[in-house]
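K.L.:
Shown below is the structure under consideration.
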Amino acid sequence: MNLDVLSATARELVEPGRGILAADESSPTIKKRFDSINVESTEESRRAYRDMLFSAEGVEQYVSGVILYEETLFQKAADGTPFSKMLADKGVIPGIKVDKGAKDLAGADGEKVTEGLDGLRERLIEYRNAGARFAKWRAVINIDEDLPSMYCLDTNAHALARYAALCQEQGIVPIVEPEVIMDGSHDLETCEDVTAAALATVFGQLDAQGVAFEGMLLKPNMVISGTTCPVQADVQTVAEATVRCLTRYVPAAVPGIVFLSGGQSDELATAHLDAMNKLGPHPWALSFSYGRALQAAALKAWGGQAGNVAAGQAAFMHRARCNSAAALGEYSD
Ligand code: 13P
């Protein structure tokens with residue numbers, strides 16, 4: 001493992017004012033997104049949509065890296081340049097989602113475990129040869145009456161650490177994503193307790209399996225009220241609870257924490273990040289790795305029409321610029 005290279009890549013991904021675009025929706029997920037704008041999901045429509053995002057002029061000012069789905073890593077821009085080269089030429093680091101999705105956890109009703117470890121070393125070599133320099137693996141943790149179980153937290157943390165160790169062995173920076181899902185009527189305190197337990201378990205496993213904290217990034221949820229909780233915590237409360245939880249459980253050696261948006265509105269995802277950075281300085285950079293909160297407006301403006309590419313790019317760049325400011329704590333100044 002070359003820790004200098006890993007840690008340089010991890011730090012580049014969280015350079016001040018830059019963050020990550022998560023454009024790694026699996027084919028079933030991107031189909032859902034396209035259904036919402038009445039666009040058929042085909043290999044070409046998926047390519048055209050991603051081309052629009054990646055070719056937005058000046059994107060590299062706000063976006064340090066893009067997480068791709070395997071299909072996209074091997075696709076090309078309209079002029080025939082492979083996406084990974086097009087991004088790298090602009091100074092945007094190509095990344096790759098490597099997990100194979102969250103599947104039902106045996107013997108645990110309502111809980112999931114993420115699969116994809118078998119053959120992962122060989123796939124990482126293939127992805128690295130295609131230009132990927134970082135990777136992502138997402139674990140899903142649901143909150144409900146008696147959930148999550150320790151069994152769910154343990155199995156997911158074990159898999160995340162096995163993935164991260166394999167990535168570092170292959171010179172690829174792992175983004176470790178234990179996502180506590182926001183769906184449910186639970187309150188912010190419950191989310192904080194579950195997030196704390198998830199992070200403690202994950203970092204215990206990362207340490208036990210020899211993962212170098214300097215050469216990874218964490219992609220967590222924010223500590224927020226459940227979607228249907230009658231009391232919705234305000235922006236300042238969310239920022240303080242999230243920073244408190246991360247300060248307790250994330251080692252200072254981790255260079256950066258890049259949040260998922262998880263279904264928050266575009267504006268709230270930006271406001272929360274901004275408020276957290278205003279509470280700094282923190283031991284790690286706090287930035288974004290948003291999917292929906294960077295893409296929702298762009299997807300709508302594009303609507304599958306080649307004539308709307310400029311409008312889609314303008315909507316995307318607006319969110320990218322806002323989140324860049326939030327990563328500096330300068331959004332609402
Ligand atoms: P969202 O920001 O839409 O949650 O997507 C981020 C992501 O990559 C989830 O794995």
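Just remember, in the structure tokens the first chain shown is A, the second B, etc., residues are 1-based per chain, and ligands are 1-based in the order shown.
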With DSSP run on the backbone, what are the strand (DSSP E) residues within region 58-282 of chain A? I'd like them as a PyMOL selection string.
P.N.:
chain A and resi 63-68+93-97+102-104+112-114+134-141+173-180+217-218+256-259
K.L.:
Could you save the residues just selected, with N, CA and C atoms, as a short mmCIF file (atom, residue, chain, number, x, y, z; two decimals), in the first residue's frame?
P.N.:
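What ended up in selection_20.cif:
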```
data_model
loop_
_atom_site.label_atom_id
_atom_site.label_comp_id
_atom_site.auth_asym_id
_atom_site.auth_seq_id
_atom_site.Cartn_x
_atom_site.Cartn_y
_atom_site.Cartn_z
N VAL A 63 -16.28 20.73 -8.22
CA VAL A 63 -16.37 19.26 -8.12
C VAL A 63 -14.97 18.67 -8.26
N SER A 64 -14.55 17.95 -7.23
CA SER A 64 -13.20 17.35 -7.21
C SER A 64 -13.20 15.94 -7.76
N GLY A 65 -14.35 15.28 -7.66
CA GLY A 65 -14.42 13.88 -8.09
C GLY A 65 -15.86 13.51 -8.44
N VAL A 66 -15.99 12.49 -9.27
CA VAL A 66 -17.32 12.00 -9.64
C VAL A 66 -17.35 10.50 -9.39
N ILE A 67 -18.39 10.05 -8.69
CA ILE A 67 -18.56 8.59 -8.52
C ILE A 67 -19.40 8.09 -9.68
N LEU A 68 -18.84 7.13 -10.41
CA LEU A 68 -19.49 6.58 -11.60
C LEU A 68 -20.06 5.20 -11.29
N ILE A 93 -11.41 13.86 -10.43
CA ILE A 93 -10.97 12.47 -10.24
C ILE A 93 -12.13 11.51 -10.46
N PRO A 94 -11.94 10.52 -11.36
CA PRO A 94 -13.00 9.52 -11.55
C PRO A 94 -13.01 8.50 -10.41
N GLY A 95 -14.22 8.19 -9.93
CA GLY A 95 -14.38 7.17 -8.90
C GLY A 95 -15.41 6.15 -9.35
N ILE A 96 -15.58 5.10 -8.58
CA ILE A 96 -16.46 4.01 -9.01
C ILE A 96 -17.20 3.39 -7.82
N LYS A 97 -18.51 3.20 -7.99
CA LYS A 97 -19.27 2.45 -6.98
C LYS A 97 -18.97 0.98 -7.19
N ALA A 102 -27.61 -3.40 -1.48
CA ALA A 102 -28.03 -3.87 -0.16
C ALA A 102 -29.10 -4.94 -0.33
N LYS A 103 -28.82 -6.13 0.23
CA LYS A 103 -29.74 -7.27 0.11
C LYS A 103 -30.29 -7.60 1.49
N ASP A 104 -31.41 -8.37 1.53
CA ASP A 104 -31.99 -8.74 2.82
C ASP A 104 -30.96 -9.48 3.68
N LYS A 112 -30.74 -4.93 6.14
CA LYS A 112 -30.01 -5.18 4.89
C LYS A 112 -28.53 -5.40 5.17
N VAL A 113 -27.90 -6.11 4.27
CA VAL A 113 -26.43 -6.18 4.28
C VAL A 113 -25.97 -5.99 2.84
N THR A 114 -24.89 -5.25 2.67
CA THR A 114 -24.42 -4.94 1.32
C THR A 114 -23.49 -6.03 0.82
N PHE A 134 -10.71 6.32 -6.90
CA PHE A 134 -11.36 6.13 -5.60
C PHE A 134 -12.63 5.30 -5.82
N ALA A 135 -13.20 4.81 -4.72
CA ALA A 135 -14.35 3.92 -4.82
C ALA A 135 -15.34 4.21 -3.72
N LYS A 136 -16.53 3.64 -3.87
CA LYS A 136 -17.58 3.81 -2.86
C LYS A 136 -18.29 2.50 -2.58
N TRP A 137 -18.61 2.30 -1.32
CA TRP A 137 -19.42 1.14 -0.89
C TRP A 137 -20.41 1.66 0.13
N ARG A 138 -21.70 1.40 -0.11
CA ARG A 138 -22.75 1.94 0.76
C ARG A 138 -23.42 0.84 1.56
N ALA A 139 -23.43 1.02 2.88
CA ALA A 139 -24.20 0.14 3.76
C ALA A 139 -25.48 0.87 4.16
N VAL A 140 -26.55 0.13 4.30
CA VAL A 140 -27.86 0.72 4.61
C VAL A 140 -28.30 0.29 6.00
N ILE A 141 -28.60 1.28 6.84
CA ILE A 141 -29.05 0.98 8.21
C ILE A 141 -30.40 1.63 8.44
N VAL A 173 -8.62 4.92 -3.19
CA VAL A 173 -9.13 5.50 -1.93
C VAL A 173 -10.57 5.02 -1.70
N PRO A 174 -10.81 4.35 -0.56
CA PRO A 174 -12.18 3.92 -0.29
C PRO A 174 -13.00 5.03 0.36
N ILE A 175 -14.20 5.25 -0.17
CA ILE A 175 -15.18 6.06 0.55
C ILE A 175 -16.05 5.08 1.29
N VAL A 176 -16.09 5.23 2.59
CA VAL A 176 -16.81 4.31 3.48
C VAL A 176 -18.15 4.96 3.83
N GLU A 177 -19.23 4.34 3.38
CA GLU A 177 -20.55 4.97 3.52
C GLU A 177 -21.52 4.11 4.34
N PRO A 178 -21.60 4.36 5.64
CA PRO A 178 -22.65 3.72 6.43
C PRO A 178 -23.83 4.68 6.50
N GLU A 179 -24.88 4.44 5.71
CA GLU A 179 -26.00 5.39 5.65
C GLU A 179 -27.13 4.98 6.59
N VAL A 180 -27.33 5.79 7.61
CA VAL A 180 -28.51 5.64 8.46
C VAL A 180 -29.65 6.34 7.72
N LEU A 217 -12.00 8.25 2.96
CA LEU A 217 -12.97 9.30 3.30
C LEU A 217 -14.20 8.62 3.88
N LEU A 218 -14.88 9.33 4.77
CA LEU A 218 -16.14 8.84 5.33
C LEU A 218 -17.31 9.55 4.65
N GLY A 256 -11.22 13.70 5.35
CA GLY A 256 -12.45 14.39 4.99
C GLY A 256 -13.69 13.56 5.21
N ILE A 257 -14.78 14.29 5.45
CA ILE A 257 -16.10 13.70 5.61
C ILE A 257 -16.97 14.32 4.53
N VAL A 258 -17.52 13.49 3.67
CA VAL A 258 -18.32 13.99 2.54
C VAL A 258 -19.73 13.42 2.70
N PHE A 259 -20.67 14.28 2.98
CA PHE A 259 -22.02 13.83 3.32
C PHE A 259 -22.80 13.35 2.10
#
```
K.L.:
Can you pull out every residue with an atom within 7 Å of ligand 1? Use only C-alpha atoms and all ligand atoms and format it as number ranges by chain.
P.N.:
A: 22, 24, 138, 260-263, 289-293
K.L.:
Give the alpha helix (DSSP H) residues of region 163-316 of chain A, as assigned by DSSP on the backbone, as a ChimeraX atom specification.
P.N.:
/A:163-169,188-208,235-249,266-278,292-302,309-316
K.L.:
For the atom pair CA of Glu145 (chain A) and CA of Thr237 (chain A), what is the interatomic distance in Å to one decimal place?
P.N.:
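Interatomic distance here is 23.5 Å.
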K.L.:
Which residues are near Gly80 (chain A)? Cut-off 12 Å, only C-alpha atoms, ignore same chain within fewer than 6 positions. Put them as a ChimeraX atom specification.
P.N.:
/A:47,51,74,86
K.L.:
Could you name the residues that touch Leu6 (chain A) at 8 Å or less, counting only C-alpha atoms, but leaving out those on the same chain fewer than 2 positions away, as an MDAnalysis selection string?
P.N.:
chainID A and resid 2:4 8:10 168 171:173 214:216
K.L.:
Could you save the residues just selected, with C-alpha atoms, as an mmCIF file, in the first residue's frame?
P.N.:
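Below is the file that was written, out.cif:
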```
data_model
loop_
_atom_site.group_PDB
_atom_site.id
_atom_site.type_symbol
_atom_site.label_atom_id
_atom_site.label_comp_id
_atom_site.auth_asym_id
_atom_site.auth_seq_id
_atom_site.Cartn_x
_atom_site.Cartn_y
_atom_site.Cartn_z
ATOM 1 C CA ASN A 2 1.372 3.432 -0.929
ATOM 2 C CA LEU A 3 -0.125 5.581 1.784
ATOM 3 C CA ASP A 4 1.348 8.810 0.369
ATOM 4 C CA ALA A 8 -2.824 12.760 -1.482
ATOM 5 C CA THR A 9 -5.857 11.562 -3.466
ATOM 6 C CA ALA A 10 -8.115 11.672 -0.403
ATOM 7 C CA GLN A 168 -6.165 0.488 -0.250
ATOM 8 C CA GLY A 171 -4.086 2.009 -4.476
ATOM 9 C CA ILE A 172 -7.719 3.130 -4.571
ATOM 10 C CA VAL A 173 -9.127 5.496 -1.934
ATOM 11 C CA GLU A 214 -5.315 8.891 6.312
ATOM 12 C CA GLY A 215 -6.111 7.200 3.002
ATOM 13 C CA MET A 216 -9.917 7.056 3.164
#
```
K.L.:
If we count only C-alpha atoms, what is near Arg248 (chain A) at a cut-off of 12 Å, once residues fewer than 2 positions away on the same chain are taken out, given as a list in words?
P.N.:
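Near neighbours after the sequence-gap exclusion: Glu192, Asp193, Thr195, Ala196, Ala197, Leu199, Ala200, Phe203, Ala241, Thr242, Val243, Arg244, Cys245, Leu246, Val250, Pro251, Ala252, His282 and Pro283 of chain A.
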K.L.:
Write the residues you've just listed into a file as a CSV table (one decimal), in the first residue's frame, and include C-alpha atoms for each of them.
P.N.:
```csv
chain,number,residue,atom,x,y,z
A,192,GLU,CA,-27.8,10.6,16.7
A,193,ASP,CA,-27.7,7.4,18.9
A,195,THR,CA,-25.4,7.1,13.9
A,196,ALA,CA,-23.0,7.0,16.9
A,197,ALA,CA,-23.4,3.2,17.1
A,199,LEU,CA,-19.7,4.9,13.3
A,200,ALA,CA,-18.2,3.3,16.4
A,203,PHE,CA,-14.2,2.5,12.9
A,241,ALA,CA,-25.8,17.3,16.6
A,242,THR,CA,-24.0,16.1,13.5
A,243,VAL,CA,-20.7,17.8,14.4
A,244,ARG,CA,-21.0,16.5,18.0
A,245,CYS,CA,-21.5,12.9,16.8
A,246,LEU,CA,-18.7,13.0,14.2
A,250,VAL,CA,-14.4,9.9,13.6
A,251,PRO,CA,-10.6,9.9,14.1
A,252,ALA,CA,-8.9,13.1,13.3
A,282,HIS,CA,-12.9,20.8,12.6
A,283,PRO,CA,-10.2,18.1,12.5
```
K.L.:
Point out the residue among A:Gln264, A:Ser55, A:Gln61, A:Thr201 with the least atom-to-atom distance to Asp79 (chain A), counting only C-alpha atoms.
P.N.:
A:Ser55
K.L.:
Hey, which of A:Asp187, A:Ile181, A:Thr72, A:Arg121 ends up closest to Glu169 (chain A)? Count only C-alpha atoms.
P.N.:
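For Glu169 (chain A), the nearest of the given residues is A:Arg121.
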K.L.:
Looking at only C-alpha atoms, which of A:Gly304, A:Gly329, A:Pro82, A:Gly119 is the one that sits closest to Leu273 (chain A)?
P.N.:
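When distances to Leu273 (chain A) are compared using only C-alpha atoms, the smallest one comes from A:Gly329.
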K.L.:
Show which residues sit within 10 Å of His318 (chain A), as a list in words. Count only C-alpha atoms, and ignore same-chain residues fewer than 6 positions away.
P.N.:
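Near His318 (chain A), the qualifying residues are Leu294, Ala297, Ala298, Gly312 and Ser324 of chain A.
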K.L.:
Hey, which of A:Leu206, A:Ser45, A:Val59, A:Gly19 ends up closest to Ala78 (chain A)? Count only C-alpha atoms.
P.N.:
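Closest residue, counting only C-alpha atoms: A:Ser45.
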K.L.:
Which residues are near Ala233 (chain A)? Cut-off 12 Å, only C-alpha atoms, ignore same chain within fewer than 4 positions. Put them as a PyMOL selection string.
P.N.:
chain A and resi 186-189+191+222-229+237-242+268+272
